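Single-structure report; data block below.
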Amino acid sequence: MKVTVEPPFLTINHGSIFMVSELDGQIQCDKFQGIFADDTRFLSEYACFIDNTSWMRLTSSVTRYYASKIYLTNPAISSQNGEIAKGALSLTIARTAEHGIHEDLDITNHSLKAVKFHLDLEINSDFADIFEVQSGEFVRRGQIETDWDKKEYKLRHTYNNGDFYRCMIAHWDNLTSPPHYANGRVTFQIELEAGASWHACCCYTLIDNEHCHKPISLCYDEAIKSDVNTELQQLQRQWQDVCTTIATSNEDLKRLYCQSLEDMSAMRLYDYDMAPDVWLPAAGVPKYVALFGRDSLTASLQNQIIHPGFARGALQKLGQFQAKEYSDWQDAQPGKILHELRQGELVYLKKSPRSPYYGAADTTPLYTIVLHETWKWLGDDSLLKDYRDVALRCLDWIDRYGDLDKDGFQEYQVRSEKGIENQCWKDSGDSIVYPDGSQVKSPKALCELQGYVFDAWMRMAEVFEALGEKDSATELQGKAEKLRVQFEERFWCEDLGFYALTLDPDKQPVRSIASNPGHCLWSGIVSPERAQRVVKRLLEPDMSSGWGIRTLSSNHPSFNPFSYHLGSVWPHDNGIIALGFKRYGSHEAVASVAADIFETASHFACYQIPEVYAGTKRQIGAFPVPYIEANIPQAWAAGSVFHLIQALLGLQANAPHGCLYVDPYLPDWLPDLTLCGLEVGDSSIDLRFWREGDRTCWDASVRSGTISVQQKAWQPWAIPVSV
């Protein structure tokens, strides 16, 4: 019997607005819960009582990414006109997120007699910065004031700290009975005849120095209808109409794919919209509803087979924020692509460097990789011309600042006093460890950083070739060849049959077995002669948990399956590794990773795959365990599904030359798969794949445009290296 793993809280969001609550709808101020916008918690406490007694939860669920519904009932209570039996009343709380939060309260009397009671709502605002909410360490700075408008039924909480201003207005309307306010509670006196119902709406409007986020005026039932032409529905249809869809007899994959599309839709940051089909993705809800370099770029790569809108948005916005000056406080140097941009009070008061913060060593090469990949899918030469100068500054940063000691390798070292120690995708403070479990000090030259730069140089060589700048192309190819030789000499550990995790400050290889070399397969820096040993090592039981490939070997002293990066499983990590397997022709290995991730996803409620989950061993009677603070939904977790499908089918776009290459391998658990409306250049294609015996067959139907679909295997970059 398959166990369904439910999330431990309710999360809804729309753009930069999101709300996190307990499963019963309550909000506790000492947890990462509340209504948030622009990195501020506007609502920090919410509790609902019937005559000073808590309601009892029956069930609850997120019904759309922007909507949730909670069913409650009453305990036995002594009211003004006698006893109210347990379960005699039902309370339904329905919420929708748009520019603010709309809440519906509905109570029905299911008993045979009239009842009279008080409904109390406890509502407080602390206006805490999101990082203070996350850490649980609060510093009171400004002043909070509360005002109750008894004529308009509006509760106003305001916060001022110098020029920094925040305000939340809770406004009740569509009322059956009027509210009163006293002692921090909004109170309704409710009288219901047998079988009668009571209703009230509350709109939570969120205001800051620049924005007034006012919610949708429709109640829940209308807001979620697909035939209602609200902004929410328009935006949802706009996404669904342009995305690649699938058809398959594998029902689990179909549901996972549809949920992943829904999650990617939920990640769109509308504050950054630049055109109807150009978007910027947030990293994840609830902690990362902001612009992130690494996450936005990775999600852009994943969504190339879905729609190029995220890539266009990421290239444009991240290019605009490319660092122009040197700043230790922000870990910035000219040409560097940002890590994170925040807007809360700590940033405003310059107590946090995230305004933006540039502490990531991988975002700059990843930017050039996304530029090239987007060009290959779109065939739009204007992209190369528009972002040529941004790319040149990225390449200059790689040479000038990425290589700290000028030994040919990329290293990182934090400079900001409030910066991030590990400036790679495994960015927790304890993620990079020696084989004995001790921490590797900076500067660190992680293996995947070398792969990213190698890949960036090879891709940009092709870009410069297309721009007619052959000397620049030749120079980059030469640098890539030199790096590949150095990489093999310094990172390969023959006795391990694997590459070192990193070079330490003394340039000695750190021989910990981790998932990072899988990214080197994706980049193509690994020599073909050694690739199969890397593939085999990643699939051994200490690395492959059955739920996916772990971040760290279970044989390592620091292994903790419930940690963030020391033995957990990250779906996006597995998607990138699967693409690396495909590049070196390991089709069965791709299918193995895909099977593990798809099976894991089927255990999670609604097939919604979390950011990270435990690297426990898959065995009879076990089920996947989400990381305790995992973001759900999360952009590159949802996008991992698209990378895995791309790897299974071997999809490579070459739109500048009017080609799409396929190299499919369908395992027996996936007998058929069709992609409908895949966009390559100005063409739209339907691709059908199916198994005949042990063979995978395919055909293509061009809906519009002119595109040639051909079978061609993926290859590592064609630079020979003697090993």
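In the structure tokens, chains take the letters A, B, ... in the order shown, each chain's residues start at 1, and ligands count up from 1 in the order shown.
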### Task
Please identify all polymer residues within 12 Å of A:Ile84, counting only C-alpha atoms, omitting same-chain residues fewer than 2 positions from it, and present them as a list in words.
Ile50, Asp51, Thr73, Asn74, Pro75, Ala76, Ile77, Ser78, Ser79, Gln80, Asn81, Gly82, Lys86, Gly87, Ala88, Leu89, Ser90, Asn109, His110, Ser111, Leu112, Lys113, Ala114, Val115, Lys116, Phe117, Leu192 and Ala194 of chain A
The selected residues should be written to file as a PDB file, in the first residue's frame (atoms: N, CA and C atoms).
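Writing the result to out06.pdb gives the following:
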ATOM      1  N   ILE A  50     -14.411  29.750  19.433  1.00  0.00           N
ATOM      2  CA  ILE A  50     -15.845  29.793  19.688  1.00  0.00           C
ATOM      3  C   ILE A  50     -16.011  29.870  21.201  1.00  0.00           C
ATOM      4  N   ASP A  51     -16.491  31.011  21.670  1.00  0.00           N
ATOM      5  CA  ASP A  51     -16.617  31.264  23.113  1.00  0.00           C
ATOM      6  C   ASP A  51     -15.342  30.879  23.869  1.00  0.00           C
ATOM      7  N   THR A  73     -14.861  21.981  13.127  1.00  0.00           N
ATOM      8  CA  THR A  73     -16.118  21.801  13.849  1.00  0.00           C
ATOM      9  C   THR A  73     -15.909  22.199  15.302  1.00  0.00           C
ATOM     10  N   ASN A  74     -16.998  22.300  16.036  1.00  0.00           N
ATOM     11  CA  ASN A  74     -16.917  22.805  17.412  1.00  0.00           C
ATOM     12  C   ASN A  74     -16.757  21.676  18.426  1.00  0.00           C
ATOM     13  N   PRO A  75     -16.056  21.947  19.529  1.00  0.00           N
ATOM     14  CA  PRO A  75     -16.110  21.027  20.667  1.00  0.00           C
ATOM     15  C   PRO A  75     -17.424  21.259  21.418  1.00  0.00           C
ATOM     16  N   ALA A  76     -17.720  20.432  22.373  1.00  0.00           N
ATOM     17  CA  ALA A  76     -18.897  20.676  23.216  1.00  0.00           C
ATOM     18  C   ALA A  76     -18.643  21.915  24.067  1.00  0.00           C
ATOM     19  N   ILE A  77     -19.568  22.878  24.043  1.00  0.00           N
ATOM     20  CA  ILE A  77     -19.386  24.113  24.803  1.00  0.00           C
ATOM     21  C   ILE A  77     -20.689  24.500  25.502  1.00  0.00           C
ATOM     22  N   SER A  78     -20.535  25.292  26.550  1.00  0.00           N
ATOM     23  CA  SER A  78     -21.684  25.881  27.242  1.00  0.00           C
ATOM     24  C   SER A  78     -21.823  27.312  26.753  1.00  0.00           C
ATOM     25  N   SER A  79     -22.914  27.597  26.054  1.00  0.00           N
ATOM     26  CA  SER A  79     -23.118  28.918  25.474  1.00  0.00           C
ATOM     27  C   SER A  79     -24.188  29.688  26.257  1.00  0.00           C
ATOM     28  N   GLN A  80     -24.512  30.897  25.748  1.00  0.00           N
ATOM     29  CA  GLN A  80     -25.484  31.758  26.420  1.00  0.00           C
ATOM     30  C   GLN A  80     -26.859  31.104  26.545  1.00  0.00           C
ATOM     31  N   ASN A  81     -27.238  30.327  25.538  1.00  0.00           N
ATOM     32  CA  ASN A  81     -28.585  29.732  25.569  1.00  0.00           C
ATOM     33  C   ASN A  81     -28.527  28.206  25.659  1.00  0.00           C
ATOM     34  N   GLY A  82     -27.520  27.722  26.405  1.00  0.00           N
ATOM     35  CA  GLY A  82     -27.467  26.283  26.655  1.00  0.00           C
ATOM     36  C   GLY A  82     -26.287  25.596  26.002  1.00  0.00           C
ATOM     37  N   LYS A  86     -20.982  18.710  20.714  1.00  0.00           N
ATOM     38  CA  LYS A  86     -19.788  18.562  19.878  1.00  0.00           C
ATOM     39  C   LYS A  86     -20.196  18.213  18.450  1.00  0.00           C
ATOM     40  N   GLY A  87     -19.635  18.923  17.478  1.00  0.00           N
ATOM     41  CA  GLY A  87     -19.912  18.650  16.074  1.00  0.00           C
ATOM     42  C   GLY A  87     -21.213  19.219  15.562  1.00  0.00           C
ATOM     43  N   ALA A  88     -21.905  20.029  16.366  1.00  0.00           N
ATOM     44  CA  ALA A  88     -23.179  20.598  15.914  1.00  0.00           C
ATOM     45  C   ALA A  88     -22.975  21.695  14.877  1.00  0.00           C
ATOM     46  N   LEU A  89     -21.807  22.334  14.915  1.00  0.00           N
ATOM     47  CA  LEU A  89     -21.524  23.452  14.015  1.00  0.00           C
ATOM     48  C   LEU A  89     -20.350  23.109  13.099  1.00  0.00           C
ATOM     49  N   SER A  90     -20.376  23.663  11.920  1.00  0.00           N
ATOM     50  CA  SER A  90     -19.214  23.561  11.031  1.00  0.00           C
ATOM     51  C   SER A  90     -18.727  24.963  10.712  1.00  0.00           C
ATOM     52  N   ASN A 109     -25.221  25.810  11.274  1.00  0.00           N
ATOM     53  CA  ASN A 109     -25.772  25.133  12.449  1.00  0.00           C
ATOM     54  C   ASN A 109     -26.462  23.853  11.981  1.00  0.00           C
ATOM     55  N   HIS A 110     -25.872  22.720  12.294  1.00  0.00           N
ATOM     56  CA  HIS A 110     -26.419  21.428  11.873  1.00  0.00           C
ATOM     57  C   HIS A 110     -27.309  20.786  12.939  1.00  0.00           C
ATOM     58  N   SER A 111     -27.527  21.484  14.045  1.00  0.00           N
ATOM     59  CA  SER A 111     -28.355  20.918  15.110  1.00  0.00           C
ATOM     60  C   SER A 111     -29.833  21.227  14.860  1.00  0.00           C
ATOM     61  N   LEU A 112     -30.670  20.731  15.731  1.00  0.00           N
ATOM     62  CA  LEU A 112     -32.117  20.911  15.585  1.00  0.00           C
ATOM     63  C   LEU A 112     -32.651  22.088  16.389  1.00  0.00           C
ATOM     64  N   LYS A 113     -31.753  22.876  17.004  1.00  0.00           N
ATOM     65  CA  LYS A 113     -32.218  24.013  17.800  1.00  0.00           C
ATOM     66  C   LYS A 113     -31.347  25.238  17.512  1.00  0.00           C
ATOM     67  N   ALA A 114     -31.841  26.392  17.861  1.00  0.00           N
ATOM     68  CA  ALA A 114     -31.105  27.631  17.661  1.00  0.00           C
ATOM     69  C   ALA A 114     -29.899  27.690  18.600  1.00  0.00           C
ATOM     70  N   VAL A 115     -28.845  28.365  18.156  1.00  0.00           N
ATOM     71  CA  VAL A 115     -27.633  28.506  18.967  1.00  0.00           C
ATOM     72  C   VAL A 115     -27.221  29.974  18.982  1.00  0.00           C
ATOM     73  N   LYS A 116     -26.491  30.334  20.042  1.00  0.00           N
ATOM     74  CA  LYS A 116     -25.987  31.690  20.180  1.00  0.00           C
ATOM     75  C   LYS A 116     -24.593  31.606  20.800  1.00  0.00           C
ATOM     76  N   PHE A 117     -23.612  32.238  20.153  1.00  0.00           N
ATOM     77  CA  PHE A 117     -22.226  32.134  20.628  1.00  0.00           C
ATOM     78  C   PHE A 117     -21.411  33.299  20.060  1.00  0.00           C
ATOM     79  N   LEU A 192     -27.886  31.623  15.287  1.00  0.00           N
ATOM     80  CA  LEU A 192     -28.271  30.801  14.134  1.00  0.00           C
ATOM     81  C   LEU A 192     -29.442  29.900  14.491  1.00  0.00           C
ATOM     82  N   ALA A 194     -31.849  26.619  13.608  1.00  0.00           N
ATOM     83  CA  ALA A 194     -31.510  25.274  13.135  1.00  0.00           C
ATOM     84  C   ALA A 194     -31.394  25.275  11.613  1.00  0.00           C
TER      85      ALA A 194
END
#### Entry: Residues near A:Phe487, cut-off 12 Å, only C-alpha atoms, skip fewer than 6 positions along chain, as a count of residues only
31
#### Entry: Among the residues A:Glu529, A:Asp573, A:Asp495, A:Glu262, the one that comes closest to A:Ile549 [using only C-alpha atoms]
A:Asp573
### Task
Run DSSP on the backbone of this structure and report the residues of stretch 314-374 of chain A it assigns to strand (DSSP E or B), as a VMD selection string.
chain A and resid 327 332 340 to 341 357
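Proximity of A:Leu346, A:Ala332, A:Ile432, A:Val612 to A:Trp397, computed with only C-alpha atoms, is greatest for A:Ala332.
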Skipping near chain neighbours, those fewer than 2 positions away, what residues fall within 6 Å of A:Leu648 using only C-alpha atoms, listed as a PDB file with all heavy atoms, in the first residue's frame?
ATOM      1  N   ILE A 645      12.806  14.209 -18.189  1.00  0.00           N
ATOM      2  CA  ILE A 645      12.180  13.857 -19.466  1.00  0.00           C
ATOM      3  C   ILE A 645      13.115  14.194 -20.628  1.00  0.00           C
ATOM      4  O   ILE A 645      13.261  13.417 -21.577  1.00  0.00           O
ATOM      5  CB  ILE A 645      10.832  14.586 -19.614  1.00  0.00           C
ATOM      6  CG1 ILE A 645       9.815  13.990 -18.634  1.00  0.00           C
ATOM      7  CG2 ILE A 645      10.302  14.503 -21.046  1.00  0.00           C
ATOM      8  CD1 ILE A 645       8.497  14.722 -18.582  1.00  0.00           C
ATOM      9  N   GLN A 646      13.757  15.350 -20.559  1.00  0.00           N
ATOM     10  CA  GLN A 646      14.713  15.721 -21.606  1.00  0.00           C
ATOM     11  C   GLN A 646      15.833  14.689 -21.706  1.00  0.00           C
ATOM     12  O   GLN A 646      16.262  14.326 -22.808  1.00  0.00           O
ATOM     13  CB  GLN A 646      15.301  17.108 -21.324  1.00  0.00           C
ATOM     14  CG  GLN A 646      16.248  17.600 -22.408  1.00  0.00           C
ATOM     15  CD  GLN A 646      16.807  18.978 -22.119  1.00  0.00           C
ATOM     16  OE1 GLN A 646      16.546  19.560 -21.067  1.00  0.00           O
ATOM     17  NE2 GLN A 646      17.579  19.519 -23.052  1.00  0.00           N
ATOM     18  N   GLY A 650      16.580  12.464 -24.816  1.00  0.00           N
ATOM     19  CA  GLY A 650      17.778  12.941 -25.495  1.00  0.00           C
ATOM     20  C   GLY A 650      17.539  14.164 -26.350  1.00  0.00           C
ATOM     21  O   GLY A 650      18.107  14.278 -27.447  1.00  0.00           O
ATOM     22  N   PRO A 664      16.208   8.854 -27.934  1.00  0.00           N
ATOM     23  CA  PRO A 664      15.328   8.385 -26.861  1.00  0.00           C
ATOM     24  C   PRO A 664      15.674   6.995 -26.342  1.00  0.00           C
ATOM     25  O   PRO A 664      16.157   6.126 -27.086  1.00  0.00           O
ATOM     26  CB  PRO A 664      13.960   8.374 -27.537  1.00  0.00           C
ATOM     27  CG  PRO A 664      14.268   8.082 -28.978  1.00  0.00           C
ATOM     28  CD  PRO A 664      15.573   8.751 -29.266  1.00  0.00           C
ATOM     29  N   TYR A 665      15.416   6.817 -25.056  1.00  0.00           N
ATOM     30  CA  TYR A 665      15.434   5.492 -24.445  1.00  0.00           C
ATOM     31  C   TYR A 665      14.286   5.438 -23.456  1.00  0.00           C
ATOM     32  O   TYR A 665      14.311   6.118 -22.421  1.00  0.00           O
ATOM     33  CB  TYR A 665      16.758   5.223 -23.738  1.00  0.00           C
ATOM     34  CG  TYR A 665      16.749   3.921 -22.961  1.00  0.00           C
ATOM     35  CD1 TYR A 665      16.973   2.705 -23.609  1.00  0.00           C
ATOM     36  CD2 TYR A 665      16.486   3.904 -21.586  1.00  0.00           C
ATOM     37  CE1 TYR A 665      16.952   1.505 -22.905  1.00  0.00           C
ATOM     38  CE2 TYR A 665      16.458   2.718 -20.879  1.00  0.00           C
ATOM     39  CZ  TYR A 665      16.687   1.524 -21.534  1.00  0.00           C
ATOM     40  OH  TYR A 665      16.653   0.334 -20.848  1.00  0.00           O
TER      41      TYR A 665
END
